Structures are given as C-alpha cells and as structure tokens.
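final10.cif, holding mmCIF, C-alpha atoms:
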```cif
data_work
#
loop_
_atom_site.label_atom_id
_atom_site.label_comp_id
_atom_site.auth_asym_id
_atom_site.auth_seq_id
_atom_site.Cartn_x
_atom_site.Cartn_y
_atom_site.Cartn_z
CA MET A 1 -38.80 -5.11 -112.73
CA VAL A 2 -38.18 -7.26 -109.70
CA SER A 3 -38.69 -11.00 -110.23
CA VAL A 4 -40.82 -13.05 -107.85
CA ARG A 5 -37.68 -14.78 -106.61
CA SER A 6 -35.85 -11.48 -106.13
CA GLY A 7 -38.85 -10.04 -104.35
CA PHE A 8 -38.95 -13.04 -102.01
CA LEU A 9 -35.25 -12.68 -101.22
CA LEU A 10 -35.56 -8.94 -100.62
CA GLY A 11 -38.48 -9.56 -98.28
CA PHE A 12 -36.60 -12.34 -96.49
CA PHE A 13 -33.48 -10.27 -95.91
CA ALA A 14 -35.61 -7.31 -94.79
CA LEU A 15 -36.91 -9.55 -92.01
CA ILE A 16 -33.47 -10.49 -90.72
CA PRO A 17 -32.91 -7.42 -88.50
CA ALA A 18 -36.36 -7.84 -86.97
CA LEU A 19 -35.83 -11.53 -86.40
CA GLY A 20 -32.41 -10.91 -84.94
CA GLN A 21 -33.56 -8.22 -82.54
CA GLU A 22 -33.18 -9.42 -78.98
CA ILE A 23 -34.75 -7.97 -75.88
CA THR A 24 -32.43 -7.74 -72.89
CA LEU A 25 -34.16 -7.52 -69.54
CA GLN A 26 -32.54 -6.32 -66.36
CA TYR A 27 -33.50 -8.30 -63.25
CA TRP A 28 -32.65 -6.89 -59.82
CA HIS A 29 -32.35 -9.27 -56.87
CA ILE A 30 -30.75 -9.62 -53.43
CA ASN A 31 -29.17 -13.05 -53.92
CA THR A 32 -25.48 -13.71 -53.20
CA GLU A 33 -23.34 -16.70 -54.08
CA ALA A 34 -24.23 -18.29 -50.73
CA PHE A 35 -27.85 -17.14 -50.84
CA GLY A 36 -29.56 -18.25 -54.02
CA LEU A 37 -27.40 -16.74 -56.77
CA PRO A 38 -26.60 -20.13 -58.34
CA ALA A 39 -30.36 -20.78 -58.50
CA VAL A 40 -30.97 -17.33 -60.05
CA ARG A 41 -28.45 -18.12 -62.78
CA GLN A 42 -29.84 -21.60 -63.38
CA LEU A 43 -33.35 -20.19 -63.75
CA ILE A 44 -32.19 -17.51 -66.17
CA GLN A 45 -30.27 -20.05 -68.25
CA GLU A 46 -33.32 -22.32 -68.55
CA PHE A 47 -35.63 -19.40 -69.34
CA GLN A 48 -33.31 -18.17 -72.10
CA ARG A 49 -33.14 -21.69 -73.56
CA ARG A 50 -36.93 -21.70 -73.81
CA ASN A 51 -37.13 -18.06 -75.00
CA PRO A 52 -34.22 -17.45 -77.41
CA GLY A 53 -35.37 -13.91 -78.23
CA ILE A 54 -35.02 -12.70 -74.63
CA ARG A 55 -31.84 -12.25 -72.61
CA VAL A 56 -31.88 -11.58 -68.89
CA GLU A 57 -29.10 -9.73 -67.08
CA GLU A 58 -29.17 -10.32 -63.33
CA ARG A 59 -28.04 -7.47 -61.09
CA TYR A 60 -27.30 -8.09 -57.40
CA GLN A 61 -28.31 -5.26 -55.06
CA PRO A 62 -26.47 -5.08 -51.71
CA ASN A 63 -28.06 -4.48 -48.31
CA ALA A 64 -31.05 -6.71 -49.04
CA TYR A 65 -34.47 -5.19 -49.74
CA THR A 66 -33.67 -1.79 -48.24
CA GLY A 67 -30.60 -1.37 -50.44
CA LEU A 68 -32.49 -2.54 -53.52
CA LEU A 69 -35.29 -0.05 -52.88
CA GLN A 70 -32.88 2.84 -52.37
CA ASN A 71 -31.06 1.99 -55.61
CA LEU A 72 -34.38 1.54 -57.40
CA GLN A 73 -35.50 5.04 -56.48
CA ALA A 74 -32.24 6.44 -57.88
CA ALA A 75 -32.62 4.42 -61.10
CA LEU A 76 -36.21 5.59 -61.55
CA ALA A 77 -35.15 9.21 -61.05
CA ALA A 78 -32.47 8.73 -63.71
CA GLY A 79 -34.98 7.18 -66.10
CA ASN A 80 -33.24 3.80 -66.17
CA PRO A 81 -35.20 1.39 -63.96
CA PRO A 82 -34.84 -2.40 -64.01
CA ASP A 83 -37.48 -4.32 -65.92
CA VAL A 84 -38.17 -6.72 -63.04
CA ALA A 85 -37.19 -6.38 -59.39
CA GLN A 86 -37.63 -8.37 -56.21
CA ILE A 87 -39.59 -6.15 -53.81
CA GLY A 88 -39.61 -7.29 -50.19
CA TYR A 89 -43.03 -7.71 -48.63
CA LEU A 90 -42.26 -4.98 -46.11
CA TYR A 91 -41.94 -2.45 -48.96
CA THR A 92 -44.94 -3.35 -51.13
CA ARG A 93 -47.01 -0.58 -49.54
CA TYR A 94 -44.21 1.93 -50.09
CA VAL A 95 -43.98 0.98 -53.77
CA ALA A 96 -47.77 1.13 -54.18
CA GLU A 97 -47.88 4.65 -52.75
CA ASN A 98 -44.73 6.16 -54.20
CA LEU A 99 -43.22 4.43 -57.25
CA PRO A 100 -44.30 3.97 -60.92
CA TYR A 101 -44.72 0.21 -61.34
CA VAL A 102 -46.96 -1.85 -63.65
CA PRO A 103 -49.70 -3.65 -61.66
CA ALA A 104 -49.39 -7.43 -61.89
CA ASP A 105 -53.11 -7.99 -62.40
CA GLU A 106 -53.06 -5.59 -65.36
CA LEU A 107 -50.22 -7.57 -66.99
CA ASP A 108 -51.99 -10.84 -66.22
CA ARG A 109 -55.19 -9.68 -67.91
CA ARG A 110 -53.32 -8.26 -70.90
CA TYR A 111 -51.10 -11.24 -71.66
CA THR A 112 -52.41 -14.34 -69.88
CA GLN A 113 -56.14 -13.75 -69.30
CA GLY A 114 -55.70 -13.91 -65.51
CA ARG A 115 -54.20 -17.41 -65.49
CA VAL A 116 -50.97 -16.56 -63.65
CA LEU A 117 -52.45 -14.98 -60.53
CA GLY A 118 -55.40 -17.37 -60.69
CA ARG A 119 -53.10 -20.26 -59.72
CA TYR A 120 -52.53 -18.82 -56.24
CA ALA A 121 -54.61 -19.45 -53.14
CA PRO A 122 -56.32 -16.22 -51.96
CA ASN A 123 -54.04 -15.80 -48.92
CA ILE A 124 -50.92 -16.21 -51.09
CA ARG A 125 -52.21 -13.83 -53.75
CA ALA A 126 -52.79 -11.30 -50.96
CA LEU A 127 -49.03 -11.17 -50.36
CA GLY A 128 -48.74 -9.06 -53.52
CA LEU A 129 -51.54 -6.66 -52.58
CA ALA A 130 -50.98 -3.24 -51.06
CA LYS A 131 -53.46 -0.36 -50.89
CA GLY A 132 -55.80 -2.45 -53.02
CA LYS A 133 -53.21 -2.73 -55.81
CA MET A 134 -51.41 -5.84 -57.05
CA VAL A 135 -47.84 -4.58 -56.69
CA GLY A 136 -46.23 -7.79 -57.88
CA VAL A 137 -46.50 -11.53 -58.27
CA PRO A 138 -45.78 -13.39 -54.99
CA TYR A 139 -42.52 -15.24 -55.51
CA SER A 140 -40.46 -15.96 -52.40
CA LEU A 141 -41.85 -16.88 -49.00
CA SER A 142 -39.75 -17.71 -45.98
CA ASN A 143 -39.98 -17.83 -42.23
CA ILE A 144 -37.32 -17.68 -39.57
CA VAL A 145 -35.89 -21.02 -38.43
CA THR A 146 -33.11 -22.06 -36.06
CA TYR A 147 -30.09 -23.71 -37.67
CA TYR A 148 -27.78 -25.30 -35.13
CA ASN A 149 -24.40 -27.02 -34.90
CA ALA A 150 -25.11 -30.51 -33.57
CA ASP A 151 -21.40 -31.15 -32.96
CA LEU A 152 -21.08 -28.06 -30.77
CA PHE A 153 -24.18 -29.13 -28.87
CA ARG A 154 -22.52 -32.45 -28.07
CA ARG A 155 -19.30 -30.73 -26.95
CA ALA A 156 -21.36 -28.63 -24.54
CA GLY A 157 -23.11 -31.68 -23.14
CA LEU A 158 -26.45 -30.84 -24.78
CA ASP A 159 -28.66 -33.30 -26.64
CA PRO A 160 -28.80 -32.32 -30.34
CA ASP A 161 -31.98 -34.37 -30.70
CA ARG A 162 -33.73 -32.05 -28.26
CA PRO A 163 -32.99 -28.40 -29.10
CA PRO A 164 -34.71 -25.82 -26.87
CA ARG A 165 -38.30 -24.95 -27.73
CA TYR A 166 -38.52 -21.71 -25.74
CA LEU A 167 -36.37 -18.60 -25.57
CA GLY A 168 -35.77 -19.23 -21.88
CA GLY A 169 -34.43 -22.65 -22.79
CA TRP A 170 -32.09 -21.10 -25.35
CA ARG A 171 -30.72 -18.76 -22.67
CA ARG A 172 -29.93 -21.74 -20.44
CA ALA A 173 -28.42 -23.69 -23.34
CA ALA A 174 -26.32 -20.65 -24.32
CA GLN A 175 -24.98 -20.37 -20.78
CA GLN A 176 -23.92 -24.02 -20.88
CA ILE A 177 -22.36 -23.63 -24.32
CA ARG A 178 -20.44 -20.56 -23.16
CA ALA A 179 -19.26 -22.23 -19.96
CA ARG A 180 -18.11 -25.49 -21.54
CA THR A 181 -16.85 -24.41 -24.97
CA GLY A 182 -16.26 -20.66 -24.76
CA LYS A 183 -18.50 -20.18 -27.80
CA TYR A 184 -21.62 -18.07 -28.27
CA GLY A 185 -24.94 -19.80 -27.88
CA LEU A 186 -26.67 -18.14 -30.80
CA TYR A 187 -26.81 -15.43 -33.40
CA LEU A 188 -30.11 -13.82 -34.45
CA ILE A 189 -30.02 -12.25 -37.91
CA LEU A 190 -29.57 -8.48 -37.76
CA LEU A 191 -30.56 -6.41 -40.79
CA ASP A 192 -32.20 -3.01 -41.18
CA ASP A 193 -35.45 -4.57 -42.40
CA ASN A 194 -36.42 -5.32 -38.73
CA TRP A 195 -37.50 -8.84 -39.71
CA ALA A 196 -36.02 -10.67 -36.72
CA LEU A 197 -37.11 -7.98 -34.27
CA GLU A 198 -40.65 -8.17 -35.56
CA ALA A 199 -40.63 -11.96 -35.14
CA LEU A 200 -39.71 -11.47 -31.47
CA ILE A 201 -42.20 -8.67 -30.87
CA ARG A 202 -45.10 -10.42 -32.61
CA SER A 203 -44.30 -13.71 -30.87
CA ASN A 204 -44.45 -11.83 -27.55
CA GLY A 205 -47.91 -10.48 -28.34
CA GLY A 206 -46.91 -7.04 -29.65
CA ASN A 207 -47.07 -5.16 -32.96
CA LEU A 208 -44.93 -2.59 -34.75
CA LEU A 209 -47.98 -0.47 -35.60
CA ARG A 210 -51.46 -0.01 -34.20
CA CYS A 211 -54.53 1.86 -35.41
CA GLU A 212 -56.01 4.51 -33.09
CA GLY A 213 -58.84 6.83 -34.05
CA GLY A 214 -58.34 6.09 -37.75
CA PHE A 215 -54.61 6.92 -37.76
CA TYR A 216 -51.47 4.82 -37.45
CA ARG A 217 -49.48 4.94 -34.22
CA ALA A 218 -46.23 3.20 -33.32
CA GLY A 219 -46.61 0.04 -31.28
CA VAL A 220 -42.91 -0.44 -30.58
CA ASP A 221 -43.06 1.20 -27.14
CA SER A 222 -45.51 -1.38 -25.76
CA PRO A 223 -44.48 -3.64 -22.85
CA GLU A 224 -44.49 -6.62 -25.24
CA ALA A 225 -42.13 -4.92 -27.70
CA ILE A 226 -39.82 -3.66 -24.94
CA GLY A 227 -39.76 -7.12 -23.37
CA ALA A 228 -38.82 -8.74 -26.68
CA LEU A 229 -35.91 -6.39 -27.44
CA SER A 230 -34.78 -6.49 -23.79
CA MET A 231 -34.51 -10.26 -24.00
CA TRP A 232 -32.37 -10.06 -27.17
CA ALA A 233 -30.18 -7.27 -25.80
CA GLY A 234 -29.73 -9.18 -22.54
CA LEU A 235 -28.37 -12.22 -24.38
CA VAL A 236 -25.87 -10.00 -26.17
CA ARG A 237 -24.93 -8.08 -23.01
CA ASP A 238 -24.23 -11.33 -21.14
CA GLY A 239 -21.99 -12.69 -23.89
CA LEU A 240 -24.44 -15.44 -24.80
CA ALA A 241 -25.38 -14.13 -28.24
CA LEU A 242 -23.66 -12.14 -30.96
CA GLY A 243 -25.14 -8.72 -31.75
CA VAL A 244 -23.40 -8.00 -35.06
CA PRO A 245 -24.58 -7.46 -38.67
CA LEU A 246 -25.47 -10.45 -40.81
CA GLN A 247 -22.17 -11.02 -42.59
CA GLN A 248 -20.18 -11.19 -39.35
CA GLY A 249 -22.77 -13.31 -37.58
CA GLU A 250 -23.07 -15.80 -40.41
CA GLN A 251 -19.29 -16.18 -40.63
CA ALA A 252 -19.12 -16.79 -36.87
CA PHE A 253 -21.69 -19.57 -37.16
CA LEU A 254 -19.87 -21.16 -40.11
CA ALA A 255 -16.58 -20.99 -38.20
CA GLY A 256 -18.11 -22.81 -35.22
CA GLU A 257 -18.02 -19.73 -32.98
CA ALA A 258 -21.80 -19.71 -32.43
CA ALA A 259 -23.91 -22.80 -31.84
CA ALA A 260 -27.09 -21.55 -33.52
CA PHE A 261 -28.07 -19.17 -36.30
CA MET A 262 -31.68 -17.93 -36.35
CA THR A 263 -32.38 -16.76 -39.87
CA THR A 264 -34.45 -17.33 -42.97
CA ILE A 265 -35.16 -20.78 -44.39
CA ALA A 266 -34.08 -19.25 -47.70
CA ARG A 267 -30.47 -19.69 -46.57
CA ARG A 268 -30.90 -23.44 -46.20
CA ALA A 269 -29.22 -24.51 -49.44
CA GLY A 270 -26.29 -22.14 -48.94
CA LEU A 271 -25.73 -23.17 -45.33
CA GLN A 272 -25.95 -26.87 -46.15
CA GLU A 273 -23.31 -26.42 -48.82
CA GLN A 274 -21.02 -24.27 -46.67
CA THR A 275 -21.14 -26.55 -43.62
CA LYS A 276 -20.31 -29.76 -45.50
CA GLY A 277 -17.26 -31.30 -43.85
CA ARG A 278 -17.32 -28.70 -41.04
CA PHE A 279 -20.10 -29.84 -38.73
CA GLU A 280 -23.50 -31.49 -38.67
CA LEU A 281 -26.14 -28.90 -39.52
CA ARG A 282 -29.64 -29.34 -38.17
CA GLY A 283 -32.77 -27.23 -38.00
CA ALA A 284 -35.45 -26.47 -35.42
CA ARG A 285 -38.44 -24.18 -35.08
CA PHE A 286 -38.05 -20.57 -34.03
CA PRO A 287 -38.34 -20.52 -30.22
CA THR A 288 -41.31 -18.98 -28.43
CA PHE A 289 -41.94 -16.91 -25.32
CA GLY A 290 -43.20 -19.66 -23.02
CA SER A 291 -46.61 -20.95 -24.04
CA ARG A 292 -47.35 -18.07 -26.46
CA PRO A 293 -47.72 -19.29 -30.05
CA PRO A 294 -45.15 -17.89 -32.49
CA ALA A 295 -46.13 -15.17 -34.96
CA LEU A 296 -43.55 -15.11 -37.73
CA PRO A 297 -43.48 -12.37 -40.40
CA GLY A 298 -43.48 -13.88 -43.85
CA GLY A 299 -40.16 -12.97 -45.41
CA GLY A 300 -39.49 -12.87 -49.11
CA ASN A 301 -40.61 -10.85 -52.07
CA VAL A 302 -42.88 -10.21 -55.00
CA LEU A 303 -41.71 -9.80 -58.60
CA THR A 304 -42.60 -6.29 -59.75
CA VAL A 305 -42.40 -4.91 -63.27
CA PHE A 306 -40.97 -1.43 -63.83
CA ALA A 307 -40.41 -1.73 -67.60
CA ARG A 308 -42.00 1.17 -69.49
CA ASP A 309 -42.03 -0.12 -73.07
CA PRO A 310 -44.91 -2.55 -73.84
CA LYS A 311 -42.60 -5.03 -75.60
CA ARG A 312 -40.33 -5.10 -72.57
CA GLN A 313 -43.34 -5.48 -70.29
CA GLU A 314 -44.48 -8.51 -72.28
CA ALA A 315 -40.98 -10.05 -72.12
CA ALA A 316 -40.80 -9.32 -68.38
CA TRP A 317 -44.15 -11.03 -67.89
CA LYS A 318 -42.89 -14.12 -69.74
CA PHE A 319 -39.89 -14.21 -67.40
CA ILE A 320 -42.14 -13.94 -64.33
CA GLN A 321 -44.39 -16.69 -65.72
CA PHE A 322 -41.41 -19.03 -65.89
CA LEU A 323 -40.04 -18.11 -62.45
CA THR A 324 -43.43 -18.86 -60.89
CA SER A 325 -44.14 -22.02 -62.88
CA PRO A 326 -43.99 -25.45 -61.18
CA GLU A 327 -40.56 -25.99 -62.75
CA GLY A 328 -39.39 -22.54 -61.69
CA PHE A 329 -40.56 -22.91 -58.09
CA THR A 330 -38.98 -26.37 -57.88
CA LEU A 331 -35.57 -25.01 -58.90
CA TRP A 332 -35.99 -22.02 -56.59
CA THR A 333 -36.93 -24.07 -53.52
CA LYS A 334 -34.14 -26.59 -54.06
CA GLY A 335 -31.58 -23.84 -54.64
CA THR A 336 -32.60 -21.66 -51.68
CA GLY A 337 -35.12 -23.01 -49.18
CA TYR A 338 -37.99 -20.65 -49.99
CA VAL A 339 -41.38 -22.30 -49.59
CA PRO A 340 -43.07 -22.97 -52.97
CA LEU A 341 -46.25 -20.94 -53.41
CA LEU A 342 -48.20 -23.11 -55.83
CA PRO A 343 -50.46 -25.66 -54.10
CA GLY A 344 -49.50 -29.30 -54.32
CA LEU A 345 -45.84 -29.04 -55.34
CA THR A 346 -44.58 -30.55 -52.08
CA GLN A 347 -46.91 -33.55 -52.55
CA ASP A 348 -46.11 -34.07 -56.24
CA PRO A 349 -43.30 -36.56 -57.03
CA ARG A 350 -42.62 -34.69 -60.29
CA TYR A 351 -41.58 -31.64 -58.31
CA LEU A 352 -40.76 -31.43 -54.58
CA LYS A 353 -42.28 -34.39 -52.73
CA ASP A 354 -39.10 -36.49 -52.56
CA PHE A 355 -36.91 -33.46 -51.90
CA VAL A 356 -38.94 -32.30 -48.89
CA ASN A 357 -39.14 -35.82 -47.47
CA GLN A 358 -35.35 -36.08 -47.59
CA ASN A 359 -34.72 -32.58 -46.20
CA PRO A 360 -35.89 -32.22 -42.56
CA ILE A 361 -34.71 -28.59 -42.31
CA GLN A 362 -36.99 -27.63 -45.21
CA LYS A 363 -39.86 -29.38 -43.45
CA VAL A 364 -39.33 -27.17 -40.37
CA ALA A 365 -40.26 -24.08 -42.39
CA ILE A 366 -43.25 -25.79 -44.00
CA ASP A 367 -44.52 -26.84 -40.57
CA GLN A 368 -44.26 -23.22 -39.38
CA LEU A 369 -46.41 -21.82 -42.21
CA PRO A 370 -49.59 -21.73 -40.04
CA PHE A 371 -47.84 -19.16 -37.83
CA THR A 372 -47.10 -16.75 -40.70
CA VAL A 373 -48.17 -13.12 -40.23
CA PRO A 374 -47.70 -10.17 -42.64
CA TRP A 375 -44.34 -8.40 -42.55
CA THR A 376 -45.16 -4.87 -41.39
CA SER A 377 -44.87 -2.19 -44.05
CA PHE A 378 -44.72 1.34 -42.63
CA PRO A 379 -47.15 3.57 -44.57
CA GLY A 380 -46.69 6.77 -46.54
CA LYS A 381 -43.80 8.52 -48.20
CA ASN A 382 -41.88 8.41 -44.91
CA GLY A 383 -42.32 4.65 -44.49
CA LEU A 384 -38.68 3.89 -45.28
CA ALA A 385 -37.50 6.49 -42.76
CA ALA A 386 -39.81 5.01 -40.10
CA SER A 387 -38.34 1.57 -40.66
CA GLN A 388 -34.84 2.97 -40.28
CA ALA A 389 -35.81 4.67 -37.00
CA LEU A 390 -36.75 1.29 -35.56
CA PHE A 391 -33.51 -0.28 -36.75
CA ARG A 392 -31.48 2.45 -35.05
CA ALA A 393 -33.28 1.64 -31.81
CA THR A 394 -32.34 -2.03 -32.16
CA GLN A 395 -28.70 -1.10 -32.73
CA LYS A 396 -28.67 1.15 -29.66
CA ALA A 397 -30.10 -1.58 -27.45
CA LEU A 398 -27.80 -4.32 -28.74
CA THR A 399 -24.67 -2.19 -28.40
CA GLY A 400 -25.59 -0.98 -24.91
CA GLN A 401 -25.94 2.67 -25.94
CA ALA A 402 -29.45 2.71 -24.45
CA THR A 403 -31.84 0.38 -22.69
CA ALA A 404 -34.41 -1.33 -24.90
CA GLU A 405 -37.13 0.75 -23.26
CA ALA A 406 -35.40 4.09 -23.85
CA ALA A 407 -34.42 3.19 -27.41
CA LEU A 408 -37.91 2.04 -28.38
CA LYS A 409 -39.69 4.98 -26.78
CA GLU A 410 -37.44 7.34 -28.73
CA ALA A 411 -38.12 5.35 -31.91
CA ALA A 412 -41.88 5.45 -31.27
CA GLN A 413 -41.81 9.23 -31.08
CA GLU A 414 -39.96 9.45 -34.39
CA ILE A 415 -42.24 6.89 -36.08
CA ASN A 416 -45.33 8.79 -34.93
CA ARG A 417 -43.86 11.99 -36.35
CA LEU A 418 -43.14 10.28 -39.67
CA VAL A 419 -46.30 8.24 -40.23
CA GLY A 420 -48.76 9.39 -37.56
CA GLY A 421 -50.80 11.31 -40.12
CA GLU A 422 -51.44 8.23 -42.26
CA ARG A 423 -54.98 6.90 -42.10
CA CYS A 424 -55.84 3.32 -41.22
CA SER A 425 -58.96 1.16 -40.77
CA GLU A 426 -59.63 -0.10 -37.26
#
```

Show the structure stored in the file as structure tokens.
Amino acid sequence: MVSVRSGFLLGFFALIPALGQEITLQYWHINTEAFGLPAVRQLIQEFQRRNPGIRVEERYQPNAYTGLLQNLQAALAAGNPPDVAQIGYLYTRYVAENLPYVPADELDRRYTQGRVLGRYAPNIRALGLAKGKMVGVPYSLSNIVTYYNADLFRRAGLDPDRPPRYLGGWRRAAQQIRARTGKYGLYLILLDDNWALEALIRSNGGNLLRCEGGFYRAGVDSPEAIGALSMWAGLVRDGLALGVPLQQGEQAFLAGEAAAFMTTIARRAGLQEQTKGRFELRGARFPTFGSRPPALPGGGNVLTVFARDPKRQEAAWKFIQFLTSPEGFTLWTKGTGYVPLLPGLTQDPRYLKDFVNQNPIQKVAIDQLPFTVPWTSFPGKNGLAASQALFRATQKALTGQATAEAALKEAAQEINRLVGGERCSE
C-alpha cells in the first residue's frame, strides 16, 4: 500500500520530465552582425528570460530574402522547416500560393482572440495579406534613404547641409566628387530582390507589372522603366557610381571610396556604428526624378509560422507576440532602423520619442512613409523565376553587356512567358 506521502512524491517526480521539457524554436532571418544581428540576439535573450520553457535558435540565411526563400523550400521538402521565418514582402504572394504556412489570423484567433493583429492600422495589417490570406504578422518596414559622407562632401567643395534633392543633382554632385577627390559619387544597393530598381522605376512613373484584359503583363519595358535603369547604368558607365553587389558597395562606402550609399533605413544602426571615428555620417531623402513625387517600395518582412506541431505553433506565436510588442519594436528600431509598426511608439517617451528626436537619420525614413508603395510580388509558381529575370536585366545594363532598353525588353518577354497566364483584377 502506498502512503499518502509516498503517493505525493511519486506524483511529483512523475511531473519532473514534463516540467523540464523545453521547446526549442528555430527562427530564420537575414540579419548579419552589421545589419541587426545584435538586436536579434538581444530580443531572443529577453524573450527567453520571460519564457523559460522556450528556447529560440536563430539561423542566418544568406542572400537576403531570396536566399532564405530558396533554403526554406529545400527545408520544407526535407520535412524540417523553421518554426518562424522572416518572409520579405515581395515574396508573400509566392508563399501564399505555393508553401504550407500557418495563417497568422488563424493563430491570432486560436491563442490571442484577435488581439495581436487588431493592434495594427488597416494599411499596416495589409502588409501581411496576399491572395486574401494573412501570410504573416507585419514586422519590419523600411524605405530607401541616402546615407552620405559629410567629410567627403566638404573635400569636394559641396555643402553637406544641402545634399541634392533630385537625381540630376546627384549626377552633378558625383561629377564634382569624382573630379576633385577621385572617389565615386554614390552607390545604389544592388540585390536580386529588385528593390532599388523598383524604387527608381516607380519614382519615374512606371511599374514592374500591369494588368491587361484580366491577366498580368510585364511593365518593365515601358519608357519610364527604361529611363530609370538607363539613368542608373549611365552613372555606372561614366564612373560616377559603383555597380557592384551589396557587400562590395557597402565596403567601398565605409572605406570612403563612395560619397553616398542609397540603401535601407534598416542599416542605420550598423552604419552609425561602423562609421564612428571614420567620417561624419548623415542622411537625406531618396532623390526624385525632377518634380515627380517619390514612390518607394516598402522593404522589410512579415513573421510567418511554418511549425507543424500545435505546441510549437503556440510557442512560435508567443515569440511573435513579444517581437511585435511595444518593447520588442523599440529594441528592433533602435538596433536596426526599421520603422516601428505600432501607432504612437515614436511619440511615447517610454519607447521611441526621445530616440527619434535625437536621431535625424531615423526621422528621414519616418518622413518618407507617406511615399510608401507595395513591393511588387510576381505571381504564381514562377514568381521567383520572374524576379530573377528582372535582376539579370539589371546586371546586364550595369555591366554594359546590353543597353537598358534591350535588357528590359528581353526581361519583359521572359516575365510574360513565366507569369502572363496569371489572372489579375483591373
């Protein structure tokens, strides 16, 4: 016969394995040491402190959102997907149409009665929608800004208090920088997500896609698109701008070999840290084509759940809740430059009011928010291939292998072949 005390002890020790069981989540992201990784680790550390039964392993994925998506497809095929992944806005449609994810609104209803997504303004919530499905929780939002080396401006005889506002002005400034210092005038971020190219095309009045007769057609062969890429390629051809991949271009800017670096506000914290003691870093708006207003694709990502087990889904949702909390967004904005997505944080002294007031570069991105447009996501199962076709055209134009017009017309033919059968609403 088992005594009451013995029974209690047996029951207590039977609970120990259950109590000691720990869930380990895998979180895939695109953040490097100079681009948000310290903030990722700080967020994970604080989350784990608040949730001792959940561990989070962060996994960096190279080649930004394209590389992450390619690796994600392989992991899904192997039956070993991450629990949470950053999905770039340009690929939300692709995920909605092709990959097995857990809809964010379903998780919100199941675990938090709709409170998480209910905090977002309708236009911000829409960032996570694709094909009528909530692919993920909007997390990171950036736009393209112009970082510049104020010291190099002075050496070239330019006024660092008055950076150019228009692309024509940047060409003239680059010519003066080249003539007086031998340095490049600027570097525009070059990645295979077409983000910078789309900023140029949209700001020149064009689009990557158009809807004709209920079907998608490429818009990259329009005069506006050709003019935008021709302008970029011309700067590179004339030795006024660098036309190299991101890592080389960023290093050139940090080394003082290029006066300006047009890239995401999300690199603000990293660039401020890396330029300390090197030169005075400042920020300005992305330049426009004359009097045309800018149209800047919203960069960044949603947090999407791919966990299959319900317990892991619940743990993943807790992690996402923390990342998108006021505390989480405050750490994320300070550690990167991404714009916080919850209303009021930049006016609240408990969170980001003082930080934004003391950080004029961050304010540049906030002031550009009214010019945000959706980052184009090519539709259908061939959407990734269509995006790559456009990137190849950019490479050809920047390296002088083809004119911008020839490269984009060839790309348009390929894009139409890949996605021309996809339906759209006019």

Exercise. Around the point (-37.1, 3.7, -24.9), in the coordinates given by the file, pick out the residues reaching within 12 Å, counting only C-alpha atoms, and return them as a VMD selection string.
Key: chain A and resid 220 to 223 225 to 227 229 to 230 390 392 to 394 396 to 397 401 to 414

Quiz prompt | Residues matched by the PyMOL selection byres ((chain A and resi 315-328) around 10), written as a PyMOL selection string | solution = chain A and resi 23-27+39-40+42-44+46-48+50-51+53-56+83-84+104+107-108+111-112+115-117+119+136-140+303-307+310-314+329-333+340-345+350-352

Practice problem: State, in Å with one decimal place, the distance from CA of His29 in chain A to CA of Leu296 in chain A. | Solution: 22.9 Å

Exercise. For the file shown, report as a list of chain:residue names the outcome of the PyMOL selection byres ((chain A and resi 149) around 7) at residue level.
Key: A:Tyr148, A:Ala150, A:Asp151, A:Leu152, A:Phe153, A:Ala259, A:Ala260, A:Phe279, A:Glu280, A:Leu281, A:Arg282

Self-check item: Picked residues, the PyMOL selection byres ((chain A and resi 187) around 7), expected as number ranges by chain
Solution: A: 186, 188-189, 241-242, 249, 258, 260-262
